[in-house]
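Let me begin by presenting the structure, written as structure tokens, before commenting on it.
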Amino acid sequence: MGPGREHDHIELRHTPTDLAGRYWKEGLWTDDTMATLLHAGLRANAQKPLRVWSATRPYRGTIGAVHELAQRVAGGLRQRGITERDVVAFQLPNCVEAAAVFWGVSLLGATLVPIVHSYGPKEVGFILEEARPRVFVTADHHCHLDYLQPLPELRKRSPGLELVIVVGTDAADDTARFDDLITAKPLDTPATVGPDEPAVIAYTSGTTANPKGVIHSHRSLIAELHQSQQTRPSDPRPIVMGAPVGHAIGMLGGLLGPILKGIGIHLFDGWDPPTVLRAMVSDDLTFGGGATYFLTSLLDSPEFTDTHLAHMSFAGLGGSPVPAAVGERAARLGISLIRSYGSTEHPSISGAAHEEP
């Protein structure tokens with residue numbers, strides 16, 4: 001983090017001068033913010049495709065079209081009094097609205113709290129109580145998940161929560177509709193915020209205790225973004241992204257990495273191997289990576305053929321154990337496999353590049 005300061009209830013720690021100097025020297029730190037990086041990157045890649053593969057909320061368009069949607073999200077929030085010093089939380093599955101909210105809040109300069117779409121009321125309630133957002137964006141439902149039913153209790157746990165925005169056709173009386181939010185005038189100019197301000201509060205999985213909120217400044221998040229791209233293969237094709245955008249992998253690899261690399265975005269709201277395999281061929285996608293199951297489920301699918309293998313020259317695995325047998329199988333098939341390890345605090349702790357021996 002950059003120089004210590006208090007951002008309302010959010011405290012950022014000091015970075016030692018020698019360490020900050022090293023980050024500058026190595027090019028990890030810049031004066032970019034999420035707002036400036038996205039404003040330039042989304043415009044530069046406006047004609048690239050953005051597609052959501054979903055049985056319930058499919059979308060097919062361009063990055064430019066979703067950029068405009070994000071600007072309307074930013075404009076709608078500003079119209080409702082949300083500013084650069086506010087916190088906005090969202091819990092959405094992989095959908096076009098999730099991309100628009102993530103980018104829109106970033107363009108507005110507010111602090112974003114992404115919540116994994118599968119988290120239940122206990123985890124979500126704790127996050128809202130601790131992060132104290134003024135706005136919470138959620139869906140009406142996704143598959144078997146009902147996001148509306150726990151809202152009254154969630155509001156009690158987060159007294160500072162002023163506005164709940166719902167994506168979908170169902171909405172309670174005390175919520176606003178996403179479709180109404182985006183009728184606002186687009187925010188054409190990205191917000192001016194300091195690169196040491198908090199950009200994202202990402203919460204850990206909470207497997208052994210309550211989730212912990214990890215505060216990333218614009219500097220630290222953008223440094224992670226650049227560092228995570230160093231292990232990406234040189235393949236120019238868009239990648240398959242099945243990880244949720246509420247998680248660091250989906251956020252960095254699905255919504256930010258493609259903008260930096262200049263490729264299209266393809267999000268899947270559920271991992272269905274036949275659908276993924278069809279998409280790889282029809283839209284010329286390559287397999288990016290994820291947990292070990294993502295790879296083995298495709299290789300084990302009855303639909304898997306040599307045609308699909310040609311789209312899987314590279315695989316980056318992490319987030320779960322990678323048995324030696326999986327590595328040996330990949331090698332026999334000619335798949336270059338690397339393993340990465342990270343955490344919410346530091347998503348790119350370790351990992352190899354495909355070009356390395």
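We label chains A, B, ... in the order they appear in the structure tokens, count residues from 1 in each chain, and number ligands from 1 in the order shown.
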Interface rows for region 173-228 of chain A against region 252-266 of chain A: nearest pair, Å to one decimal, 9 Å, only C-alpha atoms, as a Markdown table:
```
| residue | atom | partner | partner_atom | distance |
| --- | --- | --- | --- | --- |
| A:Leu221 | CA | A:Leu252 | CA | 8.9 |
| A:Glu224 | CA | A:Leu252 | CA | 8.2 |
| A:Leu225 | CA | A:Leu252 | CA | 6.2 |
| A:His226 | CA | A:Leu260 | CA | 8.1 |
| A:Ser228 | CA | A:Leu252 | CA | 7.9 |
```
Counting only C-alpha atoms, what are the residues of region 230-299 of chain A within 12 Å of region 123-144 of chain A, and for each of them which pair of atoms is the nearest and at what distance in Å, to one decimal? Sort the table by chain and rising number, as CSV.
```
residue,atom,partner,partner_atom,distance
A:Gly246,CA,A:Thr138,CA,11.6
A:Asp269,CA,A:His142,CA,9.3
A:Gly270,CA,A:Cys143,CA,9.6
```
*Restricting the calculation to only C-alpha atoms, which member of A:Met251, A:Ile215, A:Val200, A:Val73 is positioned closest to Glu345 (chain A)?*
A:Ile215
*Find the distance between CA of Pro233 (chain A) and CA of His67 (chain A) and write it in Å to one decimal.*
26.2 Å
_Under the rule that only C-alpha atoms are counted, which of A:Val88, A:Ala98, A:Gly104, A:Pro93 is the nearest residue to Leu163 (chain A)?_
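Among the listed residues, A:Val88 lies closest to Leu163 (chain A).
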_Shell around Ala199 (chain A) at 8 Å using only C-alpha atoms, local window under 5 positions removed, as a VMD selection string_ = chain A and resid 34 106 109 to 112 215 to 218 221
*Find the residues near Asp283 (chain A): any atom within 10 Å, counting only C-alpha atoms, skip ones fewer than 3 places away on the same chain, and give them as a list in words.*
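Counting only the stated atoms, we get Pro49, Arg51, Arg237, Pro238, His266, Arg278, Ala279, Met280 and Thr286 of chain A.
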Keeping only N, CA and C atoms, write those residues as a PDB file, in the first residue's frame.
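Everything below was put into again-v6.pdb:
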```
ATOM      1  N   PRO A  49     -14.812  -8.582 -28.773  1.00  0.00           N
ATOM      2  CA  PRO A  49     -16.065  -9.181 -28.293  1.00  0.00           C
ATOM      3  C   PRO A  49     -16.111  -9.336 -26.777  1.00  0.00           C
ATOM      4  N   ARG A  51     -18.578 -11.710 -24.355  1.00  0.00           N
ATOM      5  CA  ARG A  51     -19.676 -12.683 -24.388  1.00  0.00           C
ATOM      6  C   ARG A  51     -19.804 -13.374 -23.036  1.00  0.00           C
ATOM      7  N   ARG A 237      -5.390 -15.651 -28.588  1.00  0.00           N
ATOM      8  CA  ARG A 237      -6.826 -15.916 -28.527  1.00  0.00           C
ATOM      9  C   ARG A 237      -7.395 -15.579 -27.152  1.00  0.00           C
ATOM     10  N   PRO A 238      -8.679 -15.200 -27.083  1.00  0.00           N
ATOM     11  CA  PRO A 238      -9.323 -14.990 -25.783  1.00  0.00           C
ATOM     12  C   PRO A 238      -9.327 -16.278 -24.974  1.00  0.00           C
ATOM     13  N   HIS A 266     -14.602 -13.623 -22.469  1.00  0.00           N
ATOM     14  CA  HIS A 266     -15.600 -14.694 -22.511  1.00  0.00           C
ATOM     15  C   HIS A 266     -15.779 -15.245 -21.100  1.00  0.00           C
ATOM     16  N   ARG A 278     -17.659 -26.568 -26.775  1.00  0.00           N
ATOM     17  CA  ARG A 278     -18.286 -26.000 -27.974  1.00  0.00           C
ATOM     18  C   ARG A 278     -17.851 -24.554 -28.185  1.00  0.00           C
ATOM     19  N   ALA A 279     -17.784 -23.812 -27.097  1.00  0.00           N
ATOM     20  CA  ALA A 279     -17.395 -22.407 -27.196  1.00  0.00           C
ATOM     21  C   ALA A 279     -15.954 -22.255 -27.671  1.00  0.00           C
ATOM     22  N   MET A 280     -15.083 -23.132 -27.221  1.00  0.00           N
ATOM     23  CA  MET A 280     -13.685 -23.044 -27.626  1.00  0.00           C
ATOM     24  C   MET A 280     -13.536 -23.174 -29.136  1.00  0.00           C
ATOM     25  N   THR A 286      -9.064 -20.198 -26.156  1.00  0.00           N
ATOM     26  CA  THR A 286      -8.063 -21.092 -25.608  1.00  0.00           C
ATOM     27  C   THR A 286      -8.329 -21.294 -24.124  1.00  0.00           C
TER      28      THR A 286
END
```
*Assign secondary structure with DSSP using the backbone only, and return the residues of region 67-236 of chain A in strand (DSSP E) as an NGL selection string.*
:A and (87-91 or 111-114 or 135-139 or 141-142 or 145-146 or 163-167 or 176-177 or 198-203 or 213-217)
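Minimum atom-to-atom distance to Trp271 (chain A), evaluated using only C-alpha atoms, belongs to A:Ala55 out of A:Leu19, A:Val193, A:Leu108, A:Ala55.
Among the candidate residues A:Asp180, A:Glu84, A:Asp188, A:Asp272, the one lying nearest to Val240 (chain A) is A:Asp272, with distances computed using only C-alpha atoms.
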*Counting only C-alpha atoms, what is within 12 Å of Trp24 (chain A), bar same-chain residues fewer than 5 positions away, as an NGL selection string?*
:A and (2 or 17-19 or 29-31 or 219-220 or 223)
Could you turn the residues from that selection into a file that holds C-alpha atoms, as a compact mmCIF listing (two decimals), in the first residue's frame?
```
# COMPACT_ATOMS: atom_id res chain seq x y z
CA GLY A 2 1.02 3.59 -0.43
CA THR A 17 10.54 3.99 1.62
CA ASP A 18 13.10 1.47 0.36
CA LEU A 19 10.39 -0.98 -0.66
CA TRP A 29 4.11 1.00 -9.27
CA THR A 30 2.76 3.67 -11.57
CA ASP A 31 0.51 6.69 -11.16
CA ARG A 219 -1.14 0.80 -7.03
CA SER A 220 -1.19 -2.67 -5.48
CA ALA A 223 0.81 -4.14 -9.84
```
*When DSSP works through the backbone of this structure, what residues of region 133-235 of chain A end up as helix (DSSP H, G or I), shown as a PyMOL selection string?*
chain A and resi 151-157+178-181+218-231
*Excluding Gly316 (chain A) and any residue of its chain fewer than 4 positions from it, enumerate the residues within 8 Å of it, using only C-alpha atoms, and give them as JSON, numbers by chain.*
{"A": [288, 289, 290, 337, 338, 339, 340]}
*Name the residues in contact with Lys212 (chain A) at a cut-off of 9 Å, using only C-alpha atoms, excluding same-chain residues fewer than 3 positions from it; report them as a ChimeraX atom specification.*
/A:127,202-206,209
Could you save the residues just selected, with C-alpha atoms, as a PDB file, in the first residue's frame?
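The file below, selection.pdb, is the result:
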```pdb
ATOM      1  CA  ILE A 127     -18.813  -8.537   4.798  1.00  0.00           C
ATOM      2  CA  ALA A 202     -11.397  -8.309  -1.461  1.00  0.00           C
ATOM      3  CA  TYR A 203     -12.510 -10.827   1.141  1.00  0.00           C
ATOM      4  CA  THR A 204     -10.759 -14.089   1.886  1.00  0.00           C
ATOM      5  CA  SER A 205     -12.659 -17.378   1.758  1.00  0.00           C
ATOM      6  CA  GLY A 206     -13.198 -17.543   5.510  1.00  0.00           C
ATOM      7  CA  ALA A 209     -12.716 -18.026  10.587  1.00  0.00           C
TER       8      ALA A 209
END
```
*Length of the CA of Ile349 (chain A) to CA of Ile115 (chain A) vector [Å]*: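 Interatomic distance here is 21.8 Å.
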_Counting only C-alpha atoms, the option among A:Arg232, A:Lys122, A:Arg177, A:Lys185 closest to Gln79 (chain A)_ = A:Lys185
*Using only C-alpha atoms, pick whichever of A:Gly64, A:Pro114, A:His346, A:His39 has the shortest atom-to-atom distance to Thr189 (chain A).*
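With only C-alpha atoms as the atom set, the closest residue is A:His39.
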*In Å, with one decimal, what is the gap from CA of Leu309 (chain A) to CA of Gln229 (chain A)?*
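These atoms are spaced 22.9 Å apart.
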